[in-house]
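As stored in final.txt (compact mmCIF, C-alpha atoms):
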```txt
# COMPACT_ATOMS: atom_id res chain seq x y z
CA MET A 28 -24.29 -14.76 -23.48
CA ARG A 29 -26.02 -18.04 -24.34
CA SER A 30 -22.80 -19.55 -25.76
CA GLU A 31 -20.89 -18.48 -22.65
CA LEU A 32 -23.40 -20.38 -20.50
CA ILE A 33 -23.01 -23.44 -22.73
CA ALA A 34 -19.23 -23.29 -22.34
CA LEU A 35 -19.50 -22.98 -18.57
CA THR A 36 -21.86 -25.96 -18.44
CA LEU A 37 -19.63 -28.16 -20.57
CA VAL A 38 -16.43 -27.50 -18.64
CA ALA A 39 -18.19 -28.47 -15.43
CA VAL A 40 -17.80 -32.15 -16.30
CA THR A 41 -14.18 -31.99 -15.14
CA ALA A 42 -15.05 -30.68 -11.68
CA VAL A 43 -12.26 -30.51 -9.11
CA ALA A 44 -12.19 -30.42 -5.32
CA GLN A 45 -12.53 -27.19 -3.40
CA ALA A 46 -10.70 -26.29 -0.22
CA ASP A 47 -12.77 -26.49 2.96
CA ASP A 48 -11.94 -25.30 6.47
CA SER A 49 -9.94 -28.40 7.38
CA THR A 50 -6.30 -28.26 8.44
CA THR A 51 -3.46 -29.41 6.19
CA VAL A 52 0.12 -29.73 7.35
CA VAL A 53 3.02 -29.69 4.88
CA HIS A 54 6.49 -30.94 5.83
CA ALA A 55 9.04 -29.21 3.58
CA GLY A 56 12.55 -30.64 3.32
CA THR A 57 13.86 -27.26 2.15
CA LEU A 58 11.58 -24.24 2.02
CA LEU A 59 12.11 -21.06 0.01
CA ALA A 60 9.27 -19.22 1.72
CA VAL A 61 10.21 -15.74 0.50
CA PRO A 62 12.19 -15.65 -2.76
CA GLY A 63 15.04 -13.22 -2.34
CA GLN A 64 15.68 -14.46 1.20
CA PRO A 65 17.58 -17.62 2.22
CA ALA A 66 15.88 -21.02 2.12
CA ALA A 67 15.49 -23.03 5.35
CA ASP A 68 15.60 -26.77 6.01
CA LYS A 69 12.97 -28.90 7.77
CA GLN A 70 10.01 -26.55 7.88
CA THR A 71 6.32 -27.07 8.65
CA ILE A 72 3.58 -25.14 6.83
CA VAL A 73 0.12 -25.12 8.42
CA ILE A 74 -2.87 -24.44 6.17
CA GLU A 75 -6.48 -23.85 7.19
CA GLY A 76 -8.86 -23.92 4.25
CA ASP A 77 -7.14 -21.97 1.48
CA ARG A 78 -4.82 -19.90 3.70
CA ILE A 79 -1.43 -20.38 5.30
CA ILE A 80 -1.70 -19.74 9.04
CA ARG A 81 1.75 -20.73 10.27
CA VAL A 82 5.31 -21.53 9.12
CA ALA A 83 7.51 -23.14 11.76
CA ASP A 84 10.94 -24.73 12.19
CA GLY A 85 11.13 -28.51 12.35
CA PHE A 86 8.65 -31.21 11.36
CA ILE A 87 5.65 -30.79 13.66
CA ASP A 88 3.41 -33.81 14.19
CA PRO A 89 0.08 -32.95 12.47
CA THR A 90 -1.89 -34.34 15.42
CA ASP A 91 -0.20 -31.80 17.69
CA ILE A 92 -1.90 -29.11 15.57
CA ASP A 93 -5.27 -30.77 14.87
CA ALA A 94 -6.32 -34.35 15.54
CA GLU A 95 -7.86 -34.51 12.05
CA ALA A 96 -5.14 -32.65 10.19
CA LYS A 97 -3.99 -34.05 6.84
CA LEU A 98 -0.27 -34.40 6.15
CA ILE A 99 1.37 -33.70 2.81
CA ASP A 100 4.87 -35.09 3.23
CA LEU A 101 7.39 -33.12 1.15
CA SER A 102 10.25 -33.80 3.54
CA ASP A 103 12.46 -34.91 0.65
CA LYS A 104 11.50 -31.98 -1.63
CA PHE A 105 12.47 -28.38 -2.30
CA VAL A 106 9.33 -26.31 -1.68
CA LEU A 107 8.55 -22.80 -2.94
CA PRO A 108 5.58 -20.55 -3.75
CA GLY A 109 3.35 -21.28 -6.73
CA LEU A 110 4.80 -19.79 -9.90
CA MET A 111 3.13 -16.99 -11.88
CA ASP A 112 3.32 -16.39 -15.64
CA MET A 113 2.44 -12.84 -16.61
CA HIS A 114 2.00 -13.42 -20.35
CA VAL A 115 0.09 -16.42 -21.66
CA HIS A 116 -2.60 -17.19 -24.25
CA LEU A 117 -4.56 -20.12 -22.84
CA LEU A 118 -7.09 -20.51 -25.64
CA GLY A 119 -4.73 -21.66 -28.38
CA GLU A 120 -1.35 -22.98 -29.40
CA LEU A 121 0.54 -21.94 -32.51
CA GLY A 122 0.88 -24.70 -35.09
CA PRO A 123 0.66 -25.51 -38.80
CA ASN A 124 -3.15 -25.61 -38.64
CA SER A 125 -3.68 -22.35 -36.75
CA ARG A 126 -5.21 -20.50 -39.69
CA MET A 127 -7.60 -23.34 -40.51
CA GLU A 128 -8.65 -23.60 -36.86
CA ALA A 129 -9.69 -19.95 -36.95
CA LEU A 130 -12.35 -21.03 -39.45
CA THR A 131 -13.51 -24.17 -37.65
CA MET A 132 -13.21 -23.63 -33.88
CA THR A 133 -16.30 -22.30 -32.09
CA THR A 134 -16.13 -20.07 -29.04
CA SER A 135 -17.27 -22.96 -26.86
CA MET A 136 -14.55 -25.20 -28.28
CA ASP A 137 -11.98 -22.47 -27.63
CA ALA A 138 -13.01 -22.49 -23.96
CA LEU A 139 -12.87 -26.29 -23.72
CA ARG A 140 -9.46 -26.47 -25.35
CA GLY A 141 -8.37 -23.69 -23.03
CA ALA A 142 -9.42 -25.86 -20.09
CA GLN A 143 -6.99 -28.54 -21.28
CA TYR A 144 -4.19 -26.00 -21.58
CA ALA A 145 -5.06 -24.54 -18.18
CA ARG A 146 -4.69 -27.96 -16.56
CA ARG A 147 -1.28 -28.45 -18.19
CA THR A 148 -0.20 -25.02 -16.97
CA LEU A 149 -1.26 -25.77 -13.40
CA GLN A 150 0.51 -29.13 -13.41
CA ALA A 151 3.67 -27.33 -14.56
CA GLY A 152 3.60 -25.40 -11.28
CA PHE A 153 1.94 -22.16 -12.40
CA THR A 154 -0.89 -21.28 -10.03
CA THR A 155 -1.59 -17.79 -11.41
CA VAL A 156 -1.42 -16.45 -14.98
CA ARG A 157 -2.16 -13.21 -16.77
CA ASP A 158 -3.82 -14.03 -20.11
CA LEU A 159 -3.02 -11.21 -22.52
CA GLY A 160 -5.17 -11.82 -25.55
CA GLY A 161 -7.96 -14.23 -26.35
CA ALA A 162 -11.60 -14.32 -27.41
CA PRO A 163 -13.29 -12.43 -24.55
CA GLU A 164 -16.31 -14.71 -24.13
CA ALA A 165 -14.19 -17.87 -24.04
CA ILE A 166 -11.40 -16.63 -21.76
CA TYR A 167 -13.83 -15.01 -19.31
CA ALA A 168 -15.83 -18.25 -19.17
CA LEU A 169 -12.65 -20.21 -18.49
CA ARG A 170 -11.63 -17.70 -15.82
CA ALA A 171 -14.99 -18.16 -14.10
CA ALA A 172 -14.91 -21.95 -14.41
CA VAL A 173 -11.49 -22.15 -12.73
CA ALA A 174 -12.54 -19.73 -10.00
CA ALA A 175 -15.66 -21.82 -9.33
CA GLY A 176 -13.59 -25.00 -9.12
CA TRP A 177 -15.29 -26.58 -12.14
CA VAL A 178 -12.00 -27.17 -13.93
CA ALA A 179 -8.40 -27.42 -12.74
CA GLY A 180 -6.27 -24.50 -13.76
CA PRO A 181 -4.28 -21.51 -12.60
CA ARG A 182 -5.95 -18.39 -11.27
CA ILE A 183 -6.61 -16.36 -14.44
CA ILE A 184 -6.27 -12.61 -14.83
CA ALA A 185 -7.66 -11.91 -18.31
CA ALA A 186 -7.47 -9.04 -20.78
CA GLY A 187 -9.75 -10.36 -23.52
CA SER A 188 -9.06 -8.90 -26.95
CA ALA A 189 -6.31 -6.32 -27.33
CA ILE A 190 -6.87 -2.64 -27.95
CA ALA A 191 -5.12 -2.02 -31.24
CA ALA A 192 -5.00 0.36 -34.20
CA THR A 193 -6.77 -0.44 -37.47
CA GLY A 194 -4.36 -2.50 -39.56
CA GLY A 195 -1.97 -2.93 -36.64
CA HIS A 196 -0.95 -5.93 -34.60
CA GLY A 197 -4.05 -7.14 -32.79
CA ASP A 198 -6.30 -6.42 -35.77
CA VAL A 199 -7.20 -9.19 -38.22
CA ASP A 200 -4.76 -9.92 -41.05
CA GLY A 201 -3.97 -12.46 -43.73
CA VAL A 202 -7.57 -13.33 -44.74
CA LYS A 203 -9.99 -12.16 -47.43
CA ALA A 204 -11.88 -8.89 -47.09
CA GLU A 205 -15.18 -10.45 -45.99
CA LEU A 206 -13.47 -12.13 -43.05
CA LEU A 207 -11.51 -9.01 -42.19
CA GLU A 208 -14.84 -7.25 -41.76
CA LEU A 209 -16.49 -10.10 -39.85
CA TRP A 210 -13.63 -10.81 -37.45
CA THR A 211 -12.54 -7.28 -36.53
CA PRO A 212 -12.71 -7.00 -32.70
CA GLU A 213 -14.74 -4.30 -30.99
CA THR A 214 -11.50 -3.10 -29.40
CA ILE A 215 -9.90 -1.86 -32.63
CA CYS A 216 -9.71 1.94 -32.45
CA ASP A 217 -8.38 5.04 -34.19
CA GLY A 218 -7.75 8.35 -32.48
CA PRO A 219 -7.83 9.10 -28.74
CA TYR A 220 -11.61 9.30 -28.34
CA ASP A 221 -12.25 6.05 -30.16
CA CYS A 222 -9.56 4.41 -28.04
CA ARG A 223 -11.31 5.76 -24.94
CA ARG A 224 -14.45 3.98 -26.14
CA ALA A 225 -12.53 0.75 -26.81
CA THR A 226 -10.99 0.81 -23.34
CA ARG A 227 -14.34 1.31 -21.69
CA HIS A 228 -15.81 -1.46 -23.85
CA ALA A 229 -13.10 -3.91 -22.74
CA VAL A 230 -13.66 -3.13 -19.05
CA LYS A 231 -17.44 -3.32 -19.42
CA TYR A 232 -17.26 -6.83 -20.82
CA GLY A 233 -14.90 -8.16 -18.15
CA ALA A 234 -11.25 -7.24 -18.71
CA ASP A 235 -9.13 -7.47 -15.54
CA TRP A 236 -6.29 -5.78 -17.39
CA ILE A 237 -6.13 -3.78 -20.61
CA LYS A 238 -3.72 -5.04 -23.24
CA ILE A 239 -2.64 -2.67 -25.98
CA THR A 240 -0.49 -3.38 -29.01
CA ALA A 241 1.70 -0.30 -29.03
CA THR A 242 3.89 -1.69 -31.83
CA GLY A 243 3.79 -4.12 -34.69
CA GLY A 244 3.98 -7.80 -33.91
CA VAL A 245 6.17 -10.63 -35.09
CA LEU A 246 3.27 -12.99 -35.88
CA SER A 247 1.08 -10.53 -37.81
CA ASP A 248 1.01 -11.58 -41.45
CA THR A 249 1.95 -8.12 -42.66
CA ALA A 250 5.17 -6.36 -43.60
CA THR A 251 4.42 -3.36 -41.37
CA GLY A 252 7.38 -3.92 -39.07
CA THR A 253 7.59 -4.04 -35.30
CA ASP A 254 7.82 -0.37 -34.32
CA GLN A 255 5.23 2.09 -33.02
CA GLN A 256 1.69 1.71 -34.38
CA MET A 257 -0.47 3.41 -31.75
CA THR A 258 0.06 7.16 -31.60
CA ASP A 259 1.16 9.06 -28.53
CA ASP A 260 -2.26 10.66 -28.00
CA GLU A 261 -3.98 7.27 -28.30
CA LEU A 262 -1.63 5.78 -25.72
CA ARG A 263 -2.17 8.63 -23.28
CA GLU A 264 -5.95 8.41 -23.60
CA ILE A 265 -5.99 4.64 -23.02
CA MET A 266 -3.85 5.03 -19.92
CA ALA A 267 -5.99 7.83 -18.48
CA THR A 268 -9.22 5.92 -19.17
CA ALA A 269 -8.03 2.55 -17.84
CA HIS A 270 -6.42 3.97 -14.71
CA GLY A 271 -9.51 6.07 -14.11
CA LEU A 272 -11.49 2.82 -14.04
CA GLY A 273 -8.95 1.20 -11.69
CA VAL A 274 -7.52 -1.12 -14.35
CA LYS A 275 -3.84 -1.49 -15.22
CA VAL A 276 -2.42 -1.66 -18.74
CA ALA A 277 0.11 -3.94 -20.44
CA ALA A 278 1.72 -3.01 -23.74
CA HIS A 279 2.79 -5.51 -26.36
CA ALA A 280 5.84 -3.59 -27.53
CA HIS A 281 8.80 -4.72 -29.63
CA GLY A 282 10.16 -1.59 -31.36
CA THR A 283 12.13 1.11 -29.59
CA ASN A 284 9.87 4.05 -30.38
CA GLY A 285 6.73 2.18 -29.30
CA ILE A 286 8.33 0.97 -26.06
CA ASN A 287 9.40 4.48 -25.12
CA ALA A 288 6.09 6.08 -26.11
CA ALA A 289 4.18 3.58 -23.96
CA LEU A 290 6.52 4.19 -21.02
CA ARG A 291 6.11 7.95 -21.33
CA ALA A 292 2.32 7.46 -21.38
CA GLY A 293 2.50 5.67 -18.00
CA ILE A 294 2.22 2.00 -18.98
CA ASP A 295 2.29 -0.59 -16.19
CA SER A 296 4.18 -3.30 -18.06
CA ILE A 297 6.07 -3.59 -21.31
CA ASP A 298 5.72 -7.11 -22.69
CA HIS A 299 8.49 -8.41 -24.99
CA GLY A 300 10.62 -5.23 -25.08
CA SER A 301 12.78 -6.70 -27.83
CA PHE A 302 14.40 -3.49 -29.06
CA LEU A 303 14.56 -1.50 -25.84
CA ASP A 304 17.44 1.00 -25.61
CA SER A 305 19.16 3.19 -23.03
CA GLU A 306 16.27 5.66 -23.10
CA SER A 307 13.89 2.76 -22.41
CA ILE A 308 15.93 1.74 -19.39
CA LYS A 309 15.90 5.32 -18.10
CA LEU A 310 12.11 5.44 -18.49
CA PHE A 311 11.65 2.05 -16.81
CA LYS A 312 13.60 3.32 -13.83
CA GLU A 313 11.74 6.65 -13.69
CA THR A 314 8.24 5.20 -13.97
CA GLY A 315 8.63 1.91 -12.10
CA ALA A 316 7.06 -0.02 -14.97
CA TYR A 317 7.77 -3.73 -15.26
CA LEU A 318 9.43 -5.52 -18.16
CA VAL A 319 7.86 -8.89 -18.97
CA PRO A 320 10.51 -10.26 -21.35
CA THR A 321 8.99 -13.47 -22.88
CA LEU A 322 12.25 -15.05 -24.04
CA LEU A 323 10.72 -18.44 -24.89
CA PRO A 324 9.62 -17.54 -28.45
CA SER A 325 13.07 -16.12 -29.20
CA TYR A 326 14.53 -19.57 -28.61
CA LYS A 327 11.73 -21.81 -29.82
CA ILE A 328 10.11 -20.03 -32.78
CA PRO A 329 13.14 -20.28 -35.12
CA ALA A 330 13.03 -24.08 -34.81
CA GLN A 331 9.28 -24.10 -35.57
CA MET A 332 9.56 -22.12 -38.81
CA GLU A 333 10.94 -24.96 -40.94
CA ASN A 334 8.23 -26.31 -43.31
CA ASN A 335 5.49 -24.55 -41.31
CA PRO A 336 3.02 -22.72 -43.60
CA PHE A 337 2.03 -20.32 -40.83
CA PHE A 338 5.36 -18.55 -41.15
CA THR A 339 5.14 -16.34 -44.20
CA ASP A 340 8.15 -14.38 -45.45
CA ALA A 341 6.99 -11.28 -43.54
CA ILE A 342 6.74 -13.22 -40.28
CA ARG A 343 10.08 -14.97 -40.75
CA GLU A 344 11.91 -11.69 -41.26
CA LYS A 345 10.44 -10.11 -38.12
CA ALA A 346 10.95 -13.24 -36.02
CA THR A 347 14.62 -13.47 -36.89
CA ALA A 348 15.33 -9.84 -36.01
CA ALA A 349 13.32 -9.81 -32.76
CA SER A 350 14.80 -13.09 -31.56
CA ALA A 351 18.36 -11.81 -31.74
CA ALA A 352 17.58 -8.43 -30.16
CA SER A 353 15.48 -9.67 -27.24
CA LYS A 354 18.24 -11.73 -25.64
CA ALA A 355 20.85 -8.96 -25.67
CA ASN A 356 18.44 -6.27 -24.49
CA PHE A 357 17.05 -8.44 -21.70
CA SER A 358 20.63 -8.73 -20.41
CA LYS A 359 20.95 -4.93 -20.48
CA ALA A 360 17.75 -4.58 -18.48
CA VAL A 361 18.96 -7.08 -15.87
CA ARG A 362 22.27 -5.24 -15.46
CA ALA A 363 20.39 -1.94 -15.05
CA ASP A 364 18.14 -3.45 -12.33
CA VAL A 365 14.93 -2.83 -14.26
CA LYS A 366 11.89 -4.38 -12.54
CA ILE A 367 11.23 -7.70 -14.28
CA ALA A 368 8.27 -10.04 -13.96
CA PHE A 369 8.22 -13.55 -15.40
CA GLY A 370 6.30 -14.09 -18.65
CA THR A 371 6.55 -16.52 -21.54
CA ASP A 372 4.02 -15.78 -24.33
CA THR A 373 2.99 -19.44 -24.01
CA GLY A 374 0.43 -20.27 -26.64
CA VAL A 375 2.96 -19.02 -29.15
CA THR A 376 4.97 -21.89 -27.63
CA ILE A 377 3.71 -25.11 -26.03
CA HIS A 378 1.50 -25.01 -22.94
CA GLY A 379 3.06 -26.75 -19.95
CA GLU A 380 6.60 -25.81 -20.99
CA ASN A 381 6.40 -22.37 -19.37
CA ALA A 382 9.21 -23.14 -16.93
CA ASP A 383 11.72 -23.45 -19.78
CA GLU A 384 11.85 -19.64 -19.58
CA PHE A 385 13.82 -19.83 -16.32
CA ALA A 386 16.92 -21.32 -17.93
CA TYR A 387 16.88 -18.65 -20.64
CA MET A 388 16.62 -15.89 -18.05
CA VAL A 389 19.61 -17.32 -16.21
CA GLU A 390 21.54 -17.82 -19.47
CA ASN A 391 21.04 -14.13 -20.21
CA GLY A 392 22.18 -12.66 -16.92
CA MET A 393 19.85 -13.43 -14.02
CA THR A 394 20.77 -15.51 -11.01
CA PRO A 395 18.43 -18.43 -10.25
CA MET A 396 17.10 -16.52 -7.24
CA GLN A 397 16.35 -13.46 -9.39
CA ALA A 398 14.47 -15.59 -11.91
CA ILE A 399 12.36 -17.23 -9.17
CA TYR A 400 11.72 -13.81 -7.61
CA ALA A 401 10.44 -12.57 -10.99
CA ALA A 402 7.90 -15.42 -11.09
CA THR A 403 6.71 -14.99 -7.50
CA VAL A 404 7.28 -11.78 -5.54
CA ALA A 405 7.64 -9.48 -8.57
CA ALA A 406 4.70 -11.01 -10.43
CA ALA A 407 2.48 -10.63 -7.37
CA ASP A 408 3.49 -6.97 -7.12
CA LEU A 409 2.72 -6.36 -10.81
CA ILE A 410 -0.85 -7.64 -10.45
CA ASP A 411 -1.38 -5.98 -7.04
CA LYS A 412 -1.67 -9.31 -5.22
CA SER A 413 1.28 -9.06 -2.83
CA ASP A 414 -1.08 -9.35 0.12
CA SER A 415 -2.20 -12.84 -0.96
CA LEU A 416 0.34 -14.32 -3.38
CA GLY A 417 4.06 -14.60 -4.11
CA THR A 418 5.38 -15.97 -0.80
CA ILE A 419 4.65 -18.72 1.72
CA GLU A 420 3.73 -16.67 4.78
CA PRO A 421 0.83 -16.53 7.25
CA GLY A 422 -2.22 -14.90 5.72
CA LYS A 423 -1.29 -15.74 2.13
CA LEU A 424 -3.20 -18.10 -0.12
CA ALA A 425 -1.76 -21.61 0.04
CA ASP A 426 -0.19 -21.81 -3.42
CA ILE A 427 2.78 -24.14 -2.98
CA ILE A 428 4.87 -26.27 -5.34
CA ALA A 429 7.69 -28.77 -4.89
CA VAL A 430 10.58 -30.07 -6.98
CA ASP A 431 13.10 -32.83 -6.35
CA GLU A 432 16.24 -30.69 -6.65
CA SER A 433 17.06 -27.18 -5.51
CA PRO A 434 16.40 -24.71 -8.35
CA LEU A 435 18.94 -22.41 -6.71
CA ALA A 436 21.57 -24.96 -7.70
CA ASN A 437 19.89 -26.10 -10.94
CA ILE A 438 17.24 -23.74 -12.29
CA SER A 439 16.09 -26.36 -14.80
CA SER A 440 14.65 -28.44 -11.94
CA LEU A 441 11.60 -26.15 -12.22
CA GLU A 442 10.84 -27.82 -15.55
CA ASN A 443 9.74 -30.91 -13.58
CA VAL A 444 7.41 -29.83 -10.79
CA THR A 445 6.32 -32.88 -8.78
CA VAL A 446 3.69 -31.39 -6.43
CA VAL A 447 1.21 -28.54 -6.89
CA ILE A 448 -1.02 -27.15 -4.13
CA LYS A 449 -3.37 -24.29 -5.06
CA ASP A 450 -5.71 -22.59 -2.61
CA GLY A 451 -4.86 -25.30 -0.08
CA VAL A 452 -5.90 -28.16 -2.39
CA LEU A 453 -3.45 -30.81 -3.56
CA GLU A 454 -4.02 -30.46 -7.32
CA TYR A 455 -1.19 -32.61 -8.64
CA ARG A 456 1.38 -35.10 -7.41
CA GLN A 457 3.72 -36.87 -9.79
```
Could you express the structure from this file as C-alpha cells?
Amino acid sequence: MRSELIALTLVAVTAVAQADDSTTVVHAGTLLAVPGQPAADKQTIVIEGDRIIRVADGFIDPTDIDAEAKLIDLSDKFVLPGLMDMHVHLLGELGPNSRMEALTMTTSMDALRGAQYARRTLQAGFTTVRDLGGAPEAIYALRAAVAAGWVAGPRIIAAGSAIAATGGHGDVDGVKAELLELWTPETICDGPYDCRRATRHAVKYGADWIKITATGGVLSDTATGTDQQMTDDELREIMATAHGLGVKVAAHAHGTNGINAALRAGIDSIDHGSFLDSESIKLFKETGAYLVPTLLPSYKIPAQMENNPFFTDAIREKATAASAASKANFSKAVRADVKIAFGTDTGVTIHGENADEFAYMVENGMTPMQAIYAATVAAADLIDKSDSLGTIEPGKLADIIAVDESPLANISSLENVTVVIKDGVLEYRQ
C-alpha cells in the first residue's frame, strides 16, 4: 500500500486539466457520429463539462449557444469518436532488455513508465483501453492517477495479473528456481476451488475484469505449446465466480481446444484466437462472445526476432506458427460475422502505434467502417459502456478525435490523429 501511495504522489507532477461546467463548441468538417451509419458534413457538437449535449447541422456560432463558449475549430477535419483498444499492456514494452528490466524495475518505476506509455496512447487517439495483464499495484495506481486527472492517459479498465495454471502462460518462466518462487503471482491456481480463490483475490484487490490464460502463450519461454492449459472445470469455476461478482472475463487463447473450452464455459471475450476453427465460430455465434484479434504482433514480432535475445528457440517456433494462423482465421471470423472488438496487444509492440492494427484488419477482410466500428461501438458494448462511450451523441462522454483525411477512404489516416478531446478536455493538438 505504501509503494502505491508513493507512485500516485510521483505521477502527480504531470498534472493535467480537468473538465469544468463550461461550454465547448466543436465545428466538425465531416462527422462520423455513429460508426456504422453515414458521416455528415458541417456539423456542430456542443459540450457542457465532460458531456455532449447537442449535435446539430451546420456551423453554429458559439456565442449563439453561450456568450463564453470556447470554440474548437475542426472544420477542415474528419471527426469521429475516441478510439478504444481492448487489449494493451501499459506498464511495459517488449525489447532486448525485457528480462533484465524484470530484475531492476521497481513497482513505482513501472507505474511511472506506464504513465509515459499512457500519454502516448492517448495522443494516438485512444481514449479508453482495457489493460489485460500488469503488476496489480502499478496498473491500479496508474488507473487511479488518470481518473483523478493527475496524468494524461486513456480511461483504463484493468485486470491486474492473469489467473493462470501453475507452469502455464501467465506463470513465471525462464528464471532460476529462487525467482520462480519469489515472483509467482497470487493468481496462479490449480483445480476449480483454488481458481475460485484466485478469482476472488483478483476482484478484492481491484480487478475491473478477470483475465485468464486458457492456453499456452507465444512469449512464454517454455516449449509447452499454445493449446489448452486450464482445465474445463477450472474455466467453469472462474466464470461462475467472476460473473457472480459482476465482473466479466477475457481469455488469452491461441489454441483451438482452449478457445472452444473457454467459449463453452461462457467467456466474454477471446483474445488472440489464433487457431480458431469452425466449431469456434459456431460457439462465438451461439454465446455472443467477442473476438479481440490482436493482429499487430503477427505482423511486427517476426521483424523483431532478428538478433533479439528475448526470442528463444521455443518462442520463435510458437510465434511463427501463431502469426500465420491468426491472419487467416481472423478473415474466417469476419466472413462469419463474429462479434469483433478492436485490440492490439500493445506492449508486445510499441505504444502509440496501436492504430496500425486498422490497416491489418482491413487487409484481412474488414471494411474501414467495420474496423472503426470495432474500435468504438463494439468496444463500448464489450465493456458495458454503450451508455457513455462509442459514439458522439447527446448524453455521451465527450471523447472525440480528428484526422486530416477520411479513414473511410484511407484507413491508415488513423495512424496520424491530429486532435484528441477526452472528457470534454482538449488533450492534444498536433
Inset, instruction - Using all atoms listed in the file, determine which residues lie at most 8 Å from region 60-67 of chain A, disregarding the query and same-chain residues fewer than 3 positions distant; provide the list as a list in words. - result: Thr57, Gln70, Val106, Leu107, Pro108, Met396, Gln397, Ile399, Tyr400, Thr403, Val404, Gly417, Thr418, Ile419 and Glu420 of chain A
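With all atoms listed in the file as the atoms that count, the minimum distance from Tyr144 (chain A) to the choices A:Lys312, A:Lys449, A:His378, A:Arg78 is reached by A:His378.
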Inset, instruction - Within 12 Å of region 91-104 of chain A, counting only C-alpha atoms, which residues show up once you throw out same-chain ones fewer than 5 positions away? Write them as an NGL selection string, please. - result: :A and (48-59 or 68-76 or 80-81 or 83 or 85-86 or 427-434 or 440 or 444-448 or 451-456)
Report as a short mmCIF file (atom, residue, chain, number, x, y, z; two decimals) with C-alpha atoms, in the coordinates of the input all protein, DNA and RNA residues lying within 6 Å of Ser415 (chain A), evaluated on only C-alpha atoms, omitting residues in the same chain fewer than 3 positions from it.
```
data_model
loop_
_atom_site.label_atom_id
_atom_site.label_comp_id
_atom_site.auth_asym_id
_atom_site.auth_seq_id
_atom_site.Cartn_x
_atom_site.Cartn_y
_atom_site.Cartn_z
CA LYS A 412 -1.67 -9.31 -5.22
CA LYS A 423 -1.29 -15.74 2.13
CA LEU A 424 -3.20 -18.10 -0.12
#
```
Counting only C-alpha atoms, give me one row per residue of region 106-215 of chain A with an atom at most 10 Å from an atom of region 227-245 of chain A, showing the shortest contact pair and its distance in Å to one decimal, sorted by chain then residue number, as CSV.
```
residue,atom,partner,partner_atom,distance
A:Arg157,CA,A:Trp236,CA,8.5
A:Asp158,CA,A:Trp236,CA,9.0
A:Leu159,CA,A:Lys238,CA,6.3
A:Gly160,CA,A:Lys238,CA,7.3
A:Pro163,CA,A:Tyr232,CA,7.8
A:Glu164,CA,A:Tyr232,CA,8.6
A:Ile166,CA,A:Gly233,CA,9.9
A:Tyr167,CA,A:Gly233,CA,7.0
A:Ile183,CA,A:Asp235,CA,9.3
A:Ile184,CA,A:Asp235,CA,5.9
A:Ala185,CA,A:Asp235,CA,5.4
A:Ala186,CA,A:Ala234,CA,4.7
A:Gly187,CA,A:Ala234,CA,5.9
A:Ser188,CA,A:Lys238,CA,7.6
A:Ala189,CA,A:Lys238,CA,5.0
A:Ile190,CA,A:Ile239,CA,4.7
A:Ala191,CA,A:Thr240,CA,5.3
A:Ala192,CA,A:Thr240,CA,7.8
A:Gly194,CA,A:Gly243,CA,9.6
A:Gly195,CA,A:Gly243,CA,6.2
A:His196,CA,A:Gly243,CA,5.1
A:Gly197,CA,A:Thr240,CA,6.4
A:Asp198,CA,A:Thr240,CA,9.4
A:Glu213,CA,A:His228,CA,7.8
A:Thr214,CA,A:Ala229,CA,6.9
A:Ile215,CA,A:Ile239,CA,9.9
```
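For the atom pair formed by CA of Leu206 (chain A) and CA of Ile265 (chain A), the distance is 27.2 Å, given to one decimal.
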Inset, instruction - Go through A:Thr226, A:Thr251, A:Asn335, A:Asn284 one by one, measure the shortest atom-to-atom distance of each to Met266 (chain A) using only C-alpha atoms, and give the residue with the smallest value. - result: A:Thr226
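Taking CA of Asp450 (chain A) and CA of Ala386 (chain A) as the two end points, the separation is 27.4 Å.
Of the listed residues A:Ala349, A:Leu118, A:Ala289, A:Ala355, the one whose atoms come nearest to Asp304 (chain A) is A:Ala355, with distances taken using all atoms listed in the file.
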Could I see region 211-221 of chain A restored to N, CA and C atoms, set down as a compact mmCIF listing (two decimals), in the coordinates of the input?
```
# COMPACT_ATOMS: atom_id res chain seq x y z
N THR A 211 -13.16 -8.42 -37.20
CA THR A 211 -12.54 -7.28 -36.53
C THR A 211 -13.08 -7.12 -35.11
N PRO A 212 -12.23 -7.13 -34.08
CA PRO A 212 -12.71 -7.00 -32.70
C PRO A 212 -13.29 -5.63 -32.42
N GLU A 213 -14.14 -5.57 -31.41
CA GLU A 213 -14.74 -4.30 -30.99
C GLU A 213 -13.70 -3.37 -30.36
N THR A 214 -12.52 -3.89 -30.07
CA THR A 214 -11.50 -3.10 -29.40
C THR A 214 -10.48 -2.48 -30.36
N ILE A 215 -10.74 -2.58 -31.67
CA ILE A 215 -9.90 -1.86 -32.63
C ILE A 215 -10.33 -0.40 -32.63
N CYS A 216 -9.36 0.52 -32.60
CA CYS A 216 -9.71 1.94 -32.45
C CYS A 216 -8.74 2.83 -33.21
N ASP A 217 -9.20 4.04 -33.50
CA ASP A 217 -8.38 5.04 -34.19
C ASP A 217 -8.65 6.40 -33.59
N GLY A 218 -7.60 7.05 -33.12
CA GLY A 218 -7.75 8.35 -32.48
C GLY A 218 -8.05 8.19 -31.00
N PRO A 219 -7.71 9.22 -30.20
CA PRO A 219 -7.83 9.10 -28.74
C PRO A 219 -9.25 8.84 -28.26
N TYR A 220 -10.25 9.47 -28.85
CA TYR A 220 -11.61 9.30 -28.34
C TYR A 220 -12.16 7.92 -28.66
N ASP A 221 -11.82 7.41 -29.82
CA ASP A 221 -12.25 6.05 -30.16
C ASP A 221 -11.54 5.04 -29.27
```
